[in-house]
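Everything below concerns the one structure shown next.
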Amino acid sequence: MKNRWLIALSAIAIHLSIGGAYAYSVYKLPLVETMGWTATQVTVAFTIMMALAGTSAAFFGKFVEKNGPRKSAMVAAILFGAGQAGSGLAVMMDSVTLYWLTYGLLSGLGMGIGYISPVSTLIKWFPDRRGLATGMAVLGFGAGALITAPVAANLMQTVGISSTYYILGAGYFILMFLGASYITPPPANYMPEGMKQAIDTGKKEVKKDLRQLTAKEAVKTKHFWMLWAMKLINTSAGIMMISVASPMAQEVVGLSVAGAAALVGIMGIFNGGGRLGWAAASDYLGRQNVFIVFFVIQIVAFLLLPITTNVLIFQALILLVVSCYGGGFSNLPAFAGDLFGTKEVGAIHGYLLTTWSLGGVFGPILVNAIKGSTGSYVPVFYTFFGLITVAFIISIWLKMDIKKFQMKQQVVNEQPVGKTSRKTS
């Protein structure tokens, strides 16, 4: 029997590595100045990677379920490591196309597979703390950029851009491979000793999943699409805020350039902290209730942002929205497990992560289109207030429908066997 906390540490090692991709901004200026590539050409690689991260998570979800977390994470390590190290070769050869294929294509595929590989396994190892378990892994993803950014910046000054990619690519591969080597699913019907004792003494009740479905069956349910819609809106709002927080704060409340830069750094902390904090809270409040709280917070935030003149309050509202964005990622796989069971939760989680790619495109495009046509960020706040209100209504509807489904199940379970068999015949 393996130690489940070391399994969690292995998952964090994988997510820390692929999360390093979020430090991409540190490469932009050096590539433009040193290589003579345009800012657009450099940005395309990151766009390809982020688009592929969500879609590859969906396409390879079945692969992860079929081959297990260890093989899948090793494939992710090879793809992501090769993508990062290959970027160094592209820089050395002065080939933008090769850079798009390595940093964009290979790293994007590795990121998507590496993201979902350990999460479904953690859910099975932590039946008593699903939220905390997924929160730890996804926190690692958020923290990856905080570690990579200063390391990459220092390496580029010391050894150059190509060698930086070689070193980081090798480092990511080793860390991911070591994590993958230890990860394995728990025995069937695994339950930690503390949970067993709590159930035996009556201190704890076993919270059963709503049902056990395959990925193919799950996508045919309205609960899947309700959760998908909620996650898409939550992701779009969060990425929108991340993409324009600095100029928005400077324009709306007159925040200084230095203050806006500090805000962006603090947003990274709230993004990562929200992933762990909200996930841990969901083990006590319930996943459906946490999503309702997300939307209540954001409704209030988007209502207050256009009328707020105080710099500190304005920043606090932005940070709350960003924490809900991070919390949505950590609560998603646990919520999927609650609704559809753990049979193919990796594949289901992968399908739900298409919202990651779509939200990454939809949020920034919407804010730029509104700002471009109106010349103000104020209509943006009201637009997202409307979208978040829709998500809030869906979250209430989902909660009521889950309760209705549970009551129907209870009636069926309480029905006498003889009576059931006569009805069936």
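Going through the structure tokens in order, the chains are called A, B, and so on, while each chain numbers its residues from 1 and the ligands are numbered from 1 in the order shown.
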Self-check item: Who sits within 8 Å of range 16-25 of chain A, only C-alpha atoms, same chain under 6 positions skipped, as a PyMOL selection string
Solution: chain A and resi 46+80+110-111+114-115+140-149+172+175-176
For range 129-240 of chain A versus range 83-103 of chain A, which residues have an atom no more than 6 Å away, and what is each residue's nearest atom pair and distance in Å rounded to one decimal, using only C-alpha atoms, chain-then-number order, as JSON lines?
```
{"residue": "A:Ser162", "atom": "CA", "partner": "A:Gly88", "partner_atom": "CA", "distance": 3.9}
{"residue": "A:Tyr165", "atom": "CA", "partner": "A:Gly88", "partner_atom": "CA", "distance": 4.9}
{"residue": "A:Tyr166", "atom": "CA", "partner": "A:Ala85", "partner_atom": "CA", "distance": 4.4}
{"residue": "A:Gly169", "atom": "CA", "partner": "A:Ala85", "partner_atom": "CA", "distance": 4.5}
```
Output of the above residues as a PDB file, in the first residue's frame, restricted to N, CA, C and O atoms:
```pdb
ATOM      1  N   SER A 162      18.341  29.736 -25.457  1.00  0.00           N
ATOM      2  CA  SER A 162      18.330  28.318 -25.869  1.00  0.00           C
ATOM      3  C   SER A 162      18.657  27.400 -24.701  1.00  0.00           C
ATOM      4  O   SER A 162      17.937  26.429 -24.428  1.00  0.00           O
ATOM      5  N   TYR A 165      15.887  27.004 -22.124  1.00  0.00           N
ATOM      6  CA  TYR A 165      14.856  26.032 -22.515  1.00  0.00           C
ATOM      7  C   TYR A 165      15.355  24.594 -22.345  1.00  0.00           C
ATOM      8  O   TYR A 165      14.605  23.713 -21.906  1.00  0.00           O
ATOM      9  N   TYR A 166      16.618  24.330 -22.679  1.00  0.00           N
ATOM     10  CA  TYR A 166      17.173  22.980 -22.517  1.00  0.00           C
ATOM     11  C   TYR A 166      17.148  22.571 -21.035  1.00  0.00           C
ATOM     12  O   TYR A 166      16.719  21.461 -20.690  1.00  0.00           O
ATOM     13  N   GLY A 169      13.504  22.287 -19.747  1.00  0.00           N
ATOM     14  CA  GLY A 169      12.873  21.107 -20.342  1.00  0.00           C
ATOM     15  C   GLY A 169      13.327  19.829 -19.665  1.00  0.00           C
ATOM     16  O   GLY A 169      12.519  18.948 -19.348  1.00  0.00           O
TER      17      GLY A 169
END
```
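Picture a line from CA of Leu358 in chain A to CA of Thr55 in chain A; it runs 9.2 Å.
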Exercise. Quick one: pick out all helix (DSSP H, G or I) residues within range 190-275 of chain A from a backbone DSSP run and write them as a VMD selection string.
Key: chain A and resid 193 to 200 215 to 218 222 to 253 257 to 275
Quiz prompt | Residue neighbourhood Gly363 in chain A, 9 Å, only C-alpha atoms, exclusion window fewer than 4 positions, as a ChimeraX atom specification | solution = /A:233,235-241,243,358-359,367-368
Quick one: write out the picked residues with N, CA and C atoms as a JSON list (two decimals), in the first residue's frame?
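Listed below is the output, result.json:
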```json
[["chain", "number", "residue", "atom", "x", "y", "z"],
["A", 233, "ILE", "N", -18.61, 30.14, -17.91],
["A", 233, "ILE", "CA", -18.83, 31.54, -17.51],
["A", 233, "ILE", "C", -17.83, 31.95, -16.44],
["A", 235, "THR", "N", -14.86, 30.69, -15.86],
["A", 235, "THR", "CA", -13.53, 30.77, -16.46],
["A", 235, "THR", "C", -13.38, 32.03, -17.32],
["A", 236, "SER", "N", -14.41, 32.33, -18.11],
["A", 236, "SER", "CA", -14.37, 33.53, -18.97],
["A", 236, "SER", "C", -14.21, 34.79, -18.14],
["A", 237, "ALA", "N", -14.95, 34.87, -17.03],
["A", 237, "ALA", "CA", -14.87, 36.05, -16.16],
["A", 237, "ALA", "C", -13.48, 36.18, -15.54],
["A", 238, "GLY", "N", -12.93, 35.06, -15.09],
["A", 238, "GLY", "CA", -11.61, 35.07, -14.45],
["A", 238, "GLY", "C", -10.49, 35.43, -15.42],
["A", 239, "ILE", "N", -10.50, 34.80, -16.59],
["A", 239, "ILE", "CA", -9.44, 35.07, -17.57],
["A", 239, "ILE", "C", -9.57, 36.49, -18.12],
["A", 240, "MET", "N", -10.82, 36.95, -18.28],
["A", 240, "MET", "CA", -11.03, 38.35, -18.68],
["A", 240, "MET", "C", -10.36, 39.29, -17.70],
["A", 241, "MET", "N", -10.58, 39.03, -16.41],
["A", 241, "MET", "CA", -10.03, 39.90, -15.37],
["A", 241, "MET", "C", -8.50, 39.84, -15.35],
["A", 243, "SER", "N", -6.56, 39.14, -17.85],
["A", 243, "SER", "CA", -5.99, 39.69, -19.09],
["A", 243, "SER", "C", -5.95, 41.22, -19.11],
["A", 358, "LEU", "N", -12.06, 27.44, -24.31],
["A", 358, "LEU", "CA", -13.09, 28.37, -24.80],
["A", 358, "LEU", "C", -13.11, 29.66, -23.98],
["A", 359, "GLY", "N", -13.02, 29.52, -22.65],
["A", 359, "GLY", "CA", -13.02, 30.70, -21.78],
["A", 359, "GLY", "C", -11.80, 31.57, -22.01],
["A", 367, "VAL", "N", -14.00, 41.28, -23.72],
["A", 367, "VAL", "CA", -13.60, 42.52, -23.05],
["A", 367, "VAL", "C", -12.96, 43.49, -24.03],
["A", 368, "ASN", "N", -12.14, 42.98, -24.96],
["A", 368, "ASN", "CA", -11.49, 43.86, -25.93],
["A", 368, "ASN", "C", -12.50, 44.44, -26.93]]
```
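Nearest to Met35 in chain A of all the residues A:Phe385, A:Ile161, A:Phe60, A:Gly108 is A:Ile161, based on only C-alpha atoms.
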Quiz item: Closest to Asn331 in chain A among A:Thr309, A:Ser357, A:Asn289, A:Thr221, using only C-alpha atoms?
Solution: A:Asn289
Select from range 87-154 of chain A every residue with an atom at most 10 Å from any atom of range 334-339 of chain A, then for each give the shortest pair of atoms and their distance in Å to one decimal, using only C-alpha atoms, rows by chain and rising number, as a Markdown table.
```
| residue | atom | partner | partner_atom | distance |
| --- | --- | --- | --- | --- |
| A:Val119 | CA | A:Ala334 | CA | 9.0 |
| A:Ser120 | CA | A:Gly337 | CA | 8.5 |
| A:Leu122 | CA | A:Ala334 | CA | 9.6 |
| A:Ile123 | CA | A:Ala334 | CA | 6.8 |
| A:Lys124 | CA | A:Gly337 | CA | 9.2 |
| A:Pro127 | CA | A:Ala334 | CA | 9.7 |
| A:Arg129 | CA | A:Ala334 | CA | 9.3 |
| A:Arg130 | CA | A:Ala334 | CA | 5.7 |
| A:Gly131 | CA | A:Ala334 | CA | 5.8 |
| A:Leu132 | CA | A:Ala334 | CA | 9.2 |
| A:Ala133 | CA | A:Ala334 | CA | 8.8 |
| A:Thr134 | CA | A:Ala334 | CA | 7.0 |
| A:Gly135 | CA | A:Ala334 | CA | 9.3 |
```
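Around Ala281 in chain A, within 8 Å and counting only C-alpha atoms, the residues found are A:Gly131, A:Gly277, A:Leu285, A:Gly286, A:Val290, once anything fewer than 4 positions away on its own chain is removed.
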Practice problem: For range 244-250 of chain A, work out the shell of residues within 8 Å, counting only C-alpha atoms and skipping chain neighbours fewer than 2 positions away, then give it as a PyMOL selection string. | Solution: chain A and resi 240-242+252-257+260-261+263-264+314-315+318+364+377
Atoms to include: C-alpha atoms. Write the selected residues as a JSON list (two decimals), in the first residue's frame.
```
[["chain", "number", "residue", "atom", "x", "y", "z"],
["A", 240, "MET", "CA", -11.03, 38.35, -18.68],
["A", 241, "MET", "CA", -10.03, 39.90, -15.37],
["A", 242, "ILE", "CA", -6.50, 38.48, -15.50],
["A", 252, "VAL", "CA", -10.96, 53.23, -13.83],
["A", 253, "VAL", "CA", -9.50, 54.21, -10.43],
["A", 254, "GLY", "CA", -6.17, 55.77, -11.40],
["A", 255, "LEU", "CA", -3.89, 53.07, -9.98],
["A", 256, "SER", "CA", -0.21, 53.79, -10.66],
["A", 257, "VAL", "CA", 1.87, 51.66, -13.04],
["A", 260, "ALA", "CA", -0.88, 47.80, -11.19],
["A", 261, "ALA", "CA", 2.23, 45.61, -11.46],
["A", 263, "LEU", "CA", -1.76, 43.92, -8.29],
["A", 264, "VAL", "CA", -0.87, 41.44, -11.04],
["A", 314, "PHE", "CA", -11.48, 48.11, -6.40],
["A", 315, "GLN", "CA", -8.42, 45.85, -6.12],
["A", 318, "ILE", "CA", -10.73, 42.04, -8.58],
["A", 364, "PRO", "CA", -10.37, 38.37, -23.60],
["A", 377, "TYR", "CA", -14.48, 49.26, -19.14]]
```
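You can rank A:Gly104, A:Gly375, A:Gly328, A:Gly112 by their closest distance to Leu227 in chain A using only C-alpha atoms, and at the top of that list sits A:Gly328.
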Self-check item: Long-range neighbours of Ala347 in chain A as a PyMOL selection string, 10 Å cut-off, only C-alpha atoms, 4 positions minimum in chain
Solution: chain A and resi 57-66+116-117+120+214-216+218+342-343+351-353
Atoms to include: N, CA, C and O atoms. Write the selected residues as a tab-separated table (two decimals), in the first residue's frame.
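Result saved to out-v3.tsv:
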```tsv
chain	number	residue	atom	x	y	z
A	57	ALA	N	-6.95	17.70	-23.16
A	57	ALA	CA	-7.49	17.10	-21.94
A	57	ALA	C	-8.79	16.36	-22.25
A	57	ALA	O	-9.05	15.28	-21.70
A	58	ALA	N	-9.58	16.93	-23.16
A	58	ALA	CA	-10.85	16.28	-23.55
A	58	ALA	C	-10.59	15.06	-24.43
A	58	ALA	O	-11.13	13.98	-24.20
A	59	PHE	N	-9.73	15.23	-25.44
A	59	PHE	CA	-9.48	14.14	-26.40
A	59	PHE	C	-8.74	12.96	-25.77
A	59	PHE	O	-8.95	11.81	-26.17
A	60	PHE	N	-7.87	13.23	-24.80
A	60	PHE	CA	-7.06	12.15	-24.23
A	60	PHE	C	-7.57	11.66	-22.88
A	60	PHE	O	-6.90	10.88	-22.21
A	61	GLY	N	-8.77	12.12	-22.48
A	61	GLY	CA	-9.36	11.64	-21.22
A	61	GLY	C	-9.54	10.13	-21.21
A	61	GLY	O	-9.24	9.46	-20.22
A	62	LYS	N	-10.02	9.60	-22.33
A	62	LYS	CA	-10.22	8.15	-22.45
A	62	LYS	C	-8.88	7.41	-22.40
A	62	LYS	O	-8.78	6.31	-21.84
A	63	PHE	N	-7.86	8.00	-23.00
A	63	PHE	CA	-6.52	7.42	-23.00
A	63	PHE	C	-6.02	7.29	-21.56
A	63	PHE	O	-5.43	6.27	-21.19
A	64	VAL	N	-6.25	8.33	-20.76
A	64	VAL	CA	-5.83	8.32	-19.36
A	64	VAL	C	-6.55	7.21	-18.58
A	64	VAL	O	-5.94	6.47	-17.81
A	65	GLU	N	-7.86	7.08	-18.81
A	65	GLU	CA	-8.64	6.06	-18.11
A	65	GLU	C	-8.20	4.65	-18.51
A	65	GLU	O	-8.13	3.75	-17.69
A	66	LYS	N	-7.89	4.48	-19.79
A	66	LYS	CA	-7.53	3.16	-20.31
A	66	LYS	C	-6.13	2.74	-19.88
A	66	LYS	O	-5.89	1.58	-19.51
A	116	ILE	N	-4.79	16.25	-16.35
A	116	ILE	CA	-5.85	15.34	-15.89
A	116	ILE	C	-5.32	14.02	-15.33
A	116	ILE	O	-6.02	13.35	-14.57
A	117	SER	N	-4.08	13.64	-15.71
A	117	SER	CA	-3.56	12.32	-15.31
A	117	SER	C	-3.61	12.08	-13.79
A	117	SER	O	-4.11	11.05	-13.35
A	120	SER	N	-7.71	12.51	-11.36
A	120	SER	CA	-8.71	11.46	-11.16
A	120	SER	C	-8.22	10.42	-10.16
A	120	SER	O	-9.01	9.85	-9.40
A	214	THR	N	-20.23	6.28	-17.17
A	214	THR	CA	-19.07	6.39	-18.06
A	214	THR	C	-19.07	7.82	-18.62
A	214	THR	O	-20.06	8.55	-18.51
A	215	ALA	N	-17.97	8.19	-19.25
A	215	ALA	CA	-17.88	9.53	-19.84
A	215	ALA	C	-18.95	9.71	-20.92
A	215	ALA	O	-19.56	10.78	-21.05
A	216	LYS	N	-19.18	8.66	-21.70
A	216	LYS	CA	-20.16	8.72	-22.78
A	216	LYS	C	-21.56	8.95	-22.21
A	216	LYS	O	-22.37	9.70	-22.79
A	218	ALA	N	-22.20	10.30	-19.20
A	218	ALA	CA	-22.25	11.58	-18.47
A	218	ALA	C	-22.57	12.74	-19.39
A	218	ALA	O	-23.36	13.62	-19.04
A	342	THR	N	-16.61	7.88	-9.88
A	342	THR	CA	-15.18	7.86	-10.19
A	342	THR	C	-14.80	6.85	-11.27
A	342	THR	O	-13.63	6.65	-11.56
A	343	LYS	N	-15.82	6.22	-11.87
A	343	LYS	CA	-15.56	5.18	-12.88
A	343	LYS	C	-14.69	5.72	-14.02
A	343	LYS	O	-13.69	5.13	-14.40
A	351	TYR	N	-13.42	16.36	-20.62
A	351	TYR	CA	-14.46	17.00	-21.42
A	351	TYR	C	-14.86	18.35	-20.84
A	351	TYR	O	-15.09	19.31	-21.58
A	352	LEU	N	-14.94	18.43	-19.53
A	352	LEU	CA	-15.31	19.68	-18.88
A	352	LEU	C	-14.25	20.76	-19.06
A	352	LEU	O	-14.55	21.96	-19.05
A	353	LEU	N	-12.99	20.33	-19.25
A	353	LEU	CA	-11.89	21.29	-19.40
A	353	LEU	C	-11.87	21.96	-20.77
A	353	LEU	O	-11.02	22.84	-21.01
```
